[in-house]
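Colleague: upload-v2.cif (mmCIF, C-alpha atoms) pasted underneath:
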```cif
data_my_file
loop_
_atom_site.group_PDB
_atom_site.id
_atom_site.type_symbol
_atom_site.label_atom_id
_atom_site.label_comp_id
_atom_site.auth_asym_id
_atom_site.auth_seq_id
_atom_site.Cartn_x
_atom_site.Cartn_y
_atom_site.Cartn_z
ATOM 1 C CA MET A 1 -8.755 10.224 40.474
ATOM 2 C CA LYS A 2 -5.010 10.059 40.743
ATOM 3 C CA LEU A 3 -3.200 12.631 42.818
ATOM 4 C CA SER A 4 0.429 13.290 43.437
ATOM 5 C CA ARG A 5 1.512 13.889 47.018
ATOM 6 C CA GLN A 6 1.833 17.638 46.357
ATOM 7 C CA GLU A 7 -1.602 17.880 44.790
ATOM 8 C CA TYR A 8 -3.093 16.021 47.712
ATOM 9 C CA GLN A 9 -1.330 18.353 50.125
ATOM 10 C CA LYS A 10 -2.810 21.364 48.283
ATOM 11 C CA LEU A 11 -6.308 19.890 48.394
ATOM 12 C CA TYR A 12 -5.841 19.037 52.058
ATOM 13 C CA GLU A 13 -4.802 22.574 52.936
ATOM 14 C CA LYS A 14 -7.725 23.967 50.986
ATOM 15 C CA ALA A 15 -10.174 21.681 52.786
ATOM 16 C CA SER A 16 -8.874 22.390 56.283
ATOM 17 C CA PRO A 17 -8.763 26.124 56.821
ATOM 18 C CA PRO A 18 -5.943 27.329 59.089
ATOM 19 C CA SER A 19 -7.099 27.438 62.698
ATOM 20 C CA PRO A 20 -7.117 30.991 64.075
ATOM 21 C CA SER A 21 -4.166 30.263 66.299
ATOM 22 C CA TYR A 22 -3.720 33.659 67.977
ATOM 23 C CA LYS A 23 -7.417 33.649 68.925
ATOM 24 C CA ASN A 24 -7.127 30.120 70.381
ATOM 25 C CA VAL A 25 -4.132 31.190 72.424
ATOM 26 C CA LEU A 26 -5.905 34.299 73.738
ATOM 27 C CA MET A 27 -9.007 32.279 74.693
ATOM 28 C CA ALA A 28 -6.812 29.683 76.428
ATOM 29 C CA PHE A 29 -5.050 32.454 78.343
ATOM 30 C CA VAL A 30 -8.258 34.143 79.510
ATOM 31 C CA VAL A 31 -10.259 31.025 80.407
ATOM 32 C CA GLY A 32 -7.283 29.222 81.996
ATOM 33 C CA GLY A 33 -6.393 32.388 83.901
ATOM 34 C CA LEU A 34 -9.959 32.786 85.175
ATOM 35 C CA LEU A 35 -10.077 29.156 86.365
ATOM 36 C CA CYS A 36 -6.863 29.813 88.317
ATOM 37 C CA VAL A 37 -8.424 32.967 89.799
ATOM 38 C CA LEU A 38 -11.313 30.774 90.969
ATOM 39 C CA GLY A 39 -8.748 28.395 92.484
ATOM 40 C CA GLN A 40 -7.054 31.333 94.186
ATOM 41 C CA GLY A 41 -10.448 32.299 95.625
ATOM 42 C CA PHE A 42 -10.855 28.814 97.134
ATOM 43 C CA ARG A 43 -7.250 28.978 98.389
ATOM 44 C CA THR A 44 -7.787 32.277 100.207
ATOM 45 C CA LEU A 45 -11.086 30.993 101.611
ATOM 46 C CA TYR A 46 -9.542 27.810 103.058
ATOM 47 C CA GLN A 47 -6.463 29.639 104.353
ATOM 48 C CA LYS A 48 -8.752 32.035 106.234
ATOM 49 C CA ALA A 49 -10.663 29.015 107.570
ATOM 50 C CA GLY A 50 -7.394 27.960 109.223
ATOM 51 C CA LEU A 51 -6.624 24.757 107.277
ATOM 52 C CA SER A 52 -3.037 23.460 107.261
ATOM 53 C CA GLU A 53 -0.920 23.932 104.127
ATOM 54 C CA GLN A 54 -1.631 20.362 102.975
ATOM 55 C CA GLY A 55 -5.270 20.777 103.939
ATOM 56 C CA VAL A 56 -5.590 23.893 101.778
ATOM 57 C CA ALA A 57 -3.985 22.132 98.795
ATOM 58 C CA ALA A 58 -6.371 19.165 99.113
ATOM 59 C CA ALA A 59 -9.443 21.350 99.694
ATOM 60 C CA VAL A 60 -8.669 23.532 96.650
ATOM 61 C CA ALA A 61 -8.148 20.426 94.481
ATOM 62 C CA ILE A 62 -11.420 18.857 95.706
ATOM 63 C CA SER A 63 -13.356 22.098 95.155
ATOM 64 C CA MET A 64 -11.986 22.679 91.658
ATOM 65 C CA VAL A 65 -12.643 19.045 90.721
ATOM 66 C CA ALA A 66 -16.211 19.373 92.010
ATOM 67 C CA VAL A 67 -16.701 22.479 89.846
ATOM 68 C CA GLY A 68 -15.292 20.602 86.835
ATOM 69 C CA VAL A 69 -17.465 17.507 87.331
ATOM 70 C CA VAL A 70 -20.696 19.452 87.936
ATOM 71 C CA LEU A 71 -20.146 21.763 84.932
ATOM 72 C CA THR A 72 -19.417 18.661 82.822
ATOM 73 C CA ALA A 73 -22.605 16.923 84.006
ATOM 74 C CA LEU A 74 -24.636 20.046 83.136
ATOM 75 C CA GLY A 75 -23.050 20.093 79.667
ATOM 76 C CA ILE A 76 -21.503 23.514 80.277
ATOM 77 C CA TYR A 77 -17.836 22.525 80.497
ATOM 78 C CA ASP A 78 -17.661 20.989 77.042
ATOM 79 C CA LYS A 79 -19.295 24.080 75.534
ATOM 80 C CA ILE A 80 -16.596 26.309 77.066
ATOM 81 C CA ALA A 81 -13.898 23.788 76.108
ATOM 82 C CA LYS A 82 -14.799 24.012 72.413
ATOM 83 C CA ARG A 83 -13.588 27.603 72.369
ATOM 84 C CA ALA A 84 -11.045 27.621 75.202
ATOM 85 C CA GLY A 85 -8.982 24.545 74.269
ATOM 86 C CA ALA A 86 -6.008 24.271 76.589
ATOM 87 C CA GLY A 87 -7.600 26.860 78.891
ATOM 88 C CA THR A 88 -10.090 24.209 79.991
ATOM 89 C CA LEU A 89 -7.847 21.160 79.480
ATOM 90 C CA VAL A 90 -4.770 22.059 81.511
ATOM 91 C CA PRO A 91 -6.337 23.243 84.811
ATOM 92 C CA ILE A 92 -7.357 20.465 87.212
ATOM 93 C CA THR A 93 -10.986 21.055 86.188
ATOM 94 C CA GLY A 94 -9.906 19.576 82.846
ATOM 95 C CA PHE A 95 -8.735 16.436 84.635
ATOM 96 C CA ALA A 96 -12.155 16.292 86.334
ATOM 97 C CA ASN A 97 -13.802 16.741 82.931
ATOM 98 C CA SER A 98 -11.700 13.910 81.483
ATOM 99 C CA VAL A 99 -13.088 11.608 84.194
ATOM 100 C CA ALA A 100 -16.702 12.811 84.236
ATOM 101 C CA SER A 101 -17.210 13.100 80.489
ATOM 102 C CA PRO A 102 -16.642 9.407 79.579
ATOM 103 C CA ALA A 103 -18.397 8.368 82.819
ATOM 104 C CA LEU A 104 -21.588 9.956 81.477
ATOM 105 C CA GLU A 105 -21.036 9.110 77.844
ATOM 106 C CA PHE A 106 -20.496 5.389 78.357
ATOM 107 C CA LYS A 107 -23.162 4.734 80.988
ATOM 108 C CA THR A 108 -25.155 3.107 78.191
ATOM 109 C CA GLU A 109 -22.534 0.328 78.187
ATOM 110 C CA GLY A 110 -23.278 -0.447 81.828
ATOM 111 C CA MET A 111 -22.086 0.860 85.143
ATOM 112 C CA VAL A 112 -19.060 -1.410 85.516
ATOM 113 C CA LEU A 113 -17.841 -1.870 81.942
ATOM 114 C CA GLY A 114 -19.100 1.512 80.759
ATOM 115 C CA THR A 115 -18.848 4.160 83.461
ATOM 116 C CA CYS A 116 -16.229 2.627 85.759
ATOM 117 C CA VAL A 117 -13.860 1.459 83.031
ATOM 118 C CA ARG A 118 -14.108 4.429 80.653
ATOM 119 C CA MET A 119 -13.667 6.952 83.484
ATOM 120 C CA PHE A 120 -9.955 6.226 83.352
ATOM 121 C CA THR A 121 -9.473 6.565 79.592
ATOM 122 C CA ILE A 122 -7.459 9.751 80.109
ATOM 123 C CA ALA A 123 -7.055 9.765 83.907
ATOM 124 C CA GLY A 124 -5.535 6.245 83.752
ATOM 125 C CA PRO A 125 -2.314 7.187 81.940
ATOM 126 C CA VAL A 126 -2.067 10.361 84.061
ATOM 127 C CA LEU A 127 -2.269 8.335 87.279
ATOM 128 C CA VAL A 128 -0.072 5.445 86.134
ATOM 129 C CA LEU A 129 2.738 7.729 84.967
ATOM 130 C CA GLY A 130 2.344 10.245 87.786
ATOM 131 C CA ILE A 131 2.317 7.606 90.524
ATOM 132 C CA SER A 132 5.238 5.724 88.980
ATOM 133 C CA ALA A 133 7.274 8.925 88.714
ATOM 134 C CA SER A 134 6.473 9.813 92.345
ATOM 135 C CA VAL A 135 7.578 6.347 93.558
ATOM 136 C CA LEU A 136 10.785 6.638 91.540
ATOM 137 C CA TYR A 137 11.459 10.096 92.999
ATOM 138 C CA GLY A 138 10.773 8.768 96.518
ATOM 139 C CA LEU A 139 13.186 5.851 96.040
ATOM 140 C CA ILE A 140 15.858 8.257 94.758
ATOM 141 C CA LEU A 141 15.339 10.370 97.888
ATOM 142 C CA VAL A 142 15.688 7.227 100.039
ATOM 143 C CA ALA A 143 18.865 6.203 98.186
ATOM 144 C CA LEU A 144 20.305 9.681 98.721
ATOM 145 C CA GLY A 145 19.536 9.323 102.436
ATOM 146 C CA GLY A 146 16.505 11.654 102.316
ATOM 147 C CA MET B 147 -2.876 41.396 93.675
ATOM 148 C CA GLU B 148 -2.547 37.664 94.331
ATOM 149 C CA TYR B 149 -5.551 37.180 92.027
ATOM 150 C CA LEU B 150 -3.822 39.092 89.230
ATOM 151 C CA ARG B 151 -0.678 36.967 89.661
ATOM 152 C CA ALA B 152 -2.759 33.769 89.632
ATOM 153 C CA PHE B 153 -4.492 34.963 86.448
ATOM 154 C CA LEU B 154 -1.226 35.820 84.687
ATOM 155 C CA VAL B 155 0.693 32.673 85.665
ATOM 156 C CA GLY B 156 -2.240 30.296 85.053
ATOM 157 C CA GLY B 157 -3.171 32.062 81.831
ATOM 158 C CA ALA B 158 0.403 31.958 80.550
ATOM 159 C CA ILE B 159 0.672 28.203 81.227
ATOM 160 C CA CYS B 160 -2.599 27.562 79.375
ATOM 161 C CA ALA B 161 -1.625 29.858 76.472
ATOM 162 C CA LEU B 162 1.717 28.051 76.040
ATOM 163 C CA SER B 163 -0.137 24.729 76.123
ATOM 164 C CA GLN B 164 -2.481 25.966 73.388
ATOM 165 C CA VAL B 165 0.518 26.797 71.199
ATOM 166 C CA LEU B 166 1.853 23.291 71.910
ATOM 167 C CA ILE B 167 -1.497 21.720 70.919
ATOM 168 C CA ASP B 168 -1.818 23.782 67.738
ATOM 169 C CA ARG B 169 1.746 23.043 66.655
ATOM 170 C CA THR B 170 2.043 19.357 67.541
ATOM 171 C CA ARG B 171 -1.465 17.868 67.744
ATOM 172 C CA LEU B 172 -0.615 16.072 70.976
ATOM 173 C CA THR B 173 -3.619 14.228 72.407
ATOM 174 C CA PRO B 174 -5.122 15.409 75.729
ATOM 175 C CA ALA B 175 -4.027 12.194 77.495
ATOM 176 C CA ARG B 176 -0.415 12.799 76.423
ATOM 177 C CA ILE B 177 -0.491 16.468 77.415
ATOM 178 C CA LEU B 178 -2.008 15.805 80.834
ATOM 179 C CA SER B 179 0.299 12.921 81.718
ATOM 180 C CA SER B 180 3.431 14.689 80.523
ATOM 181 C CA TYR B 181 2.414 17.797 82.507
ATOM 182 C CA VAL B 182 2.134 15.767 85.710
ATOM 183 C CA ILE B 183 5.606 14.316 85.156
ATOM 184 C CA ILE B 184 7.097 17.684 84.152
ATOM 185 C CA GLY B 185 5.584 19.291 87.265
ATOM 186 C CA LEU B 186 7.035 16.533 89.418
ATOM 187 C CA VAL B 187 10.512 16.791 87.898
ATOM 188 C CA LEU B 188 10.577 20.605 88.081
ATOM 189 C CA THR B 189 9.547 20.417 91.751
ATOM 190 C CA ALA B 190 12.211 17.805 92.481
ATOM 191 C CA LEU B 191 14.807 20.131 90.933
ATOM 192 C CA GLY B 192 13.519 23.013 93.069
ATOM 193 C CA LEU B 193 12.394 24.981 90.007
ATOM 194 C CA TYR B 194 8.619 24.905 90.510
ATOM 195 C CA GLN B 195 8.365 26.161 94.101
ATOM 196 C CA PRO B 196 9.310 29.758 93.111
ATOM 197 C CA LEU B 197 6.453 29.755 90.571
ATOM 198 C CA VAL B 198 4.023 28.529 93.252
ATOM 199 C CA ASP B 199 5.270 31.201 95.675
ATOM 200 C CA PHE B 200 4.688 33.846 93.015
ATOM 201 C CA GLY B 201 1.555 32.638 91.245
ATOM 202 C CA GLY B 202 -0.290 30.728 93.969
ATOM 203 C CA ALA B 203 -3.246 28.893 92.440
ATOM 204 C CA GLY B 204 -2.011 30.041 89.017
ATOM 205 C CA ALA B 205 0.760 27.464 89.427
ATOM 206 C CA THR B 206 -1.057 24.785 91.458
ATOM 207 C CA VAL B 207 -4.347 24.572 89.512
ATOM 208 C CA PRO B 208 -2.786 23.634 86.124
ATOM 209 C CA LEU B 209 -1.826 19.950 85.923
ATOM 210 C CA PHE B 210 1.806 20.812 86.717
ATOM 211 C CA GLY B 211 0.408 21.403 90.214
ATOM 212 C CA PHE B 212 -0.667 17.756 90.371
ATOM 213 C CA GLY B 213 2.967 16.713 89.895
ATOM 214 C CA TYR B 214 4.037 19.430 92.329
ATOM 215 C CA SER B 215 1.704 18.013 95.014
ATOM 216 C CA MET B 216 2.979 14.486 94.345
ATOM 217 C CA ALA B 217 6.625 15.540 94.689
ATOM 218 C CA LYS B 218 5.959 17.524 97.879
ATOM 219 C CA GLY B 219 3.954 14.609 99.289
ATOM 220 C CA VAL B 220 6.715 12.111 98.553
ATOM 221 C CA GLU B 221 9.372 14.370 100.080
ATOM 222 C CA ALA B 222 7.371 14.761 103.295
ATOM 223 C CA ALA B 223 6.435 11.058 103.486
ATOM 224 C CA VAL B 224 10.015 9.844 102.911
ATOM 225 C CA ALA B 225 11.284 12.249 105.592
ATOM 226 C CA GLN B 226 8.677 10.938 108.024
ATOM 227 C CA TYR B 227 8.321 7.216 107.208
ATOM 228 C CA GLY B 228 11.444 6.277 105.245
ATOM 229 C CA TRP B 229 11.177 3.957 102.233
ATOM 230 C CA THR B 230 7.462 3.194 102.658
ATOM 231 C CA GLY B 231 6.886 6.913 102.173
ATOM 232 C CA ALA B 232 8.232 6.586 98.635
ATOM 233 C CA PHE B 233 5.179 4.459 97.871
ATOM 234 C CA THR B 234 2.537 6.294 99.919
ATOM 235 C CA GLY B 235 3.462 9.983 99.571
ATOM 236 C CA GLY B 236 2.481 10.652 95.963
ATOM 237 C CA ILE B 237 -0.970 9.091 96.054
ATOM 238 C CA ALA B 238 -1.741 10.432 99.524
ATOM 239 C CA ALA B 239 -0.975 14.021 98.514
ATOM 240 C CA THR B 240 -3.270 13.871 95.478
ATOM 241 C CA ALA B 241 -5.929 11.532 96.884
ATOM 242 C CA GLY B 242 -8.406 14.357 97.511
ATOM 243 C CA GLY B 243 -8.658 15.494 93.913
ATOM 244 C CA VAL B 244 -8.645 11.995 92.427
ATOM 245 C CA ALA B 245 -11.238 10.631 94.879
ATOM 246 C CA ALA B 246 -13.463 13.664 94.296
ATOM 247 C CA ALA B 247 -13.236 13.224 90.512
ATOM 248 C CA VAL B 248 -13.970 9.483 90.630
ATOM 249 C CA GLY B 249 -16.679 9.553 93.309
ATOM 250 C CA LEU B 250 -18.521 12.602 91.985
ATOM 251 C CA SER B 251 -18.374 11.341 88.394
ATOM 252 C CA LEU B 252 -19.936 8.033 89.450
ATOM 253 C CA VAL B 253 -22.730 9.822 91.330
ATOM 254 C CA MET B 254 -23.319 12.215 88.407
ATOM 255 C CA SER B 255 -23.524 9.289 85.980
ATOM 256 C CA PHE B 256 -26.617 8.095 87.890
ATOM 257 C CA PHE B 257 -28.459 11.369 87.305
ATOM 258 C CA PHE B 258 -27.175 12.867 84.063
ATOM 259 C CA GLN B 259 -26.949 11.831 80.441
ATOM 260 C CA SER B 260 -24.115 12.881 78.191
ATOM 261 C CA ARG B 261 -25.167 16.168 76.543
ATOM 262 C CA ASP B 262 -22.613 16.114 73.811
ATOM 263 C CA PRO B 263 -22.214 12.780 72.051
ATOM 264 C CA SER B 264 -19.625 14.179 69.627
#
```
How does this structure look as structure tokens?
Modeller:
Amino acid sequence: MKLSRQEYQKLYEKASPPSPSYKNVLMAFVVGGLLCVLGQGFRTLYQKAGLSEQGVAAAVAISMVAVGVVLTALGIYDKIAKRAGAGTLVPITGFANSVASPALEFKTEGMVLGTCVRMFTIAGPVLVLGISASVLYGLILVALGG
Amino acid sequence: MEYLRAFLVGGAICALSQVLIDRTRLTPARILSSYVIIGLVLTALGLYQPLVDFGGAGATVPLFGFGYSMAKGVEAAVAQYGWTGAFTGGIAATAGGVAAAVGLSLVMSFFFQSRDPS
């Protein structure tokens, strides 16, 4: 079967129905918003417990990550993620999911080469670029006499 | 009230990200790493702090907040320790979340199988 580019494009569009974009965006808004409300709950809790500002930030991050990892291990996070898209990807629970998910999935390839290596499939670039940018920013501050 | 603001700010960031994903088909790794850098740059320029003051966890829980923490950590560490702070501040400020993700994931991998092989 020979197809021109335009014919192929038509077939392609027919085969892949348009994603219900407005619905995706609404789901992302609601789920992402709710995860932030949960984070705000942790924040208020740790502030009332008398933690320092840095302590609160770390405690909220640890708590949210714990929620993300546990929900991933129970298979719940990925079910929500299928419908919530960016709502589950962008919050820090999504970072936790990006570490936990391959850690479980690739355990069959061994603890070191499976779990430990694959854990950083997504977290690796995030850390490499984030850390490098933070060092660069720090050196700029030093150069400016910070 | 602070919960409503967290919901609106966090929700808006996630909704905008969904539009970005639908329009550009950026991969999750690209989105997450660019968000960390964008958060860091916005904080360095003094543009992200107002959003954190307004939205609380709505601004710190999305991955921009990871870059925000790194920038704040570097600023504090450079002020306190000088040039070594440029190297220690970013990781130190985000160590809690990263260590929790890595450590807990390892422990979970001992007890759980992947539920969704897709």
Colleague: Would you write out, as a VMD selection string, every residue that the PyMOL selection byres ((chain B) within 7 of (chain A)) captures in this file?
Modeller: chain B and resid 149 152 to 154 156 to 158 160 to 161 163 to 165 175 178 to 179 182 to 183 202 to 204 207 to 209 213 216 to 217 220 to 221 224 to 225 228 to 229 232 to 233 236 to 237 242 to 243 246 to 248 250 to 252 254 to 255 258 to 261 263
Colleague: Could you tell me how far atom CA of B:Gly185 lies from atom CA of A:Ala49, in Å and to one decimal?
Modeller: 27.8 Å
Colleague: For a test of reading the model, state the distance in Å between atom CA of B:Leu193 and atom CA of B:Ser180, rounded to one decimal.
Modeller: 16.6 Å
Colleague: One decimal, Å: what's the distance from atom CA of A:Lys23 over to atom CA of B:Tyr194, could you say?
Modeller: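 A separation of 28.3 Å between them.
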Colleague: Measuring atom to atom with only C-alpha atoms, identify which of B:Thr234, B:Leu166, B:Gly211, B:Tyr181 is nearest to B:Gln195.
Modeller: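 For B:Gln195, the nearest of the given residues is B:Gly211.
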Colleague: Could you check which of A:Tyr77, A:Glu53, A:Val112, A:Ser4 is closest to B:Gly219, using all atoms listed in the file?
Modeller: A:Glu53
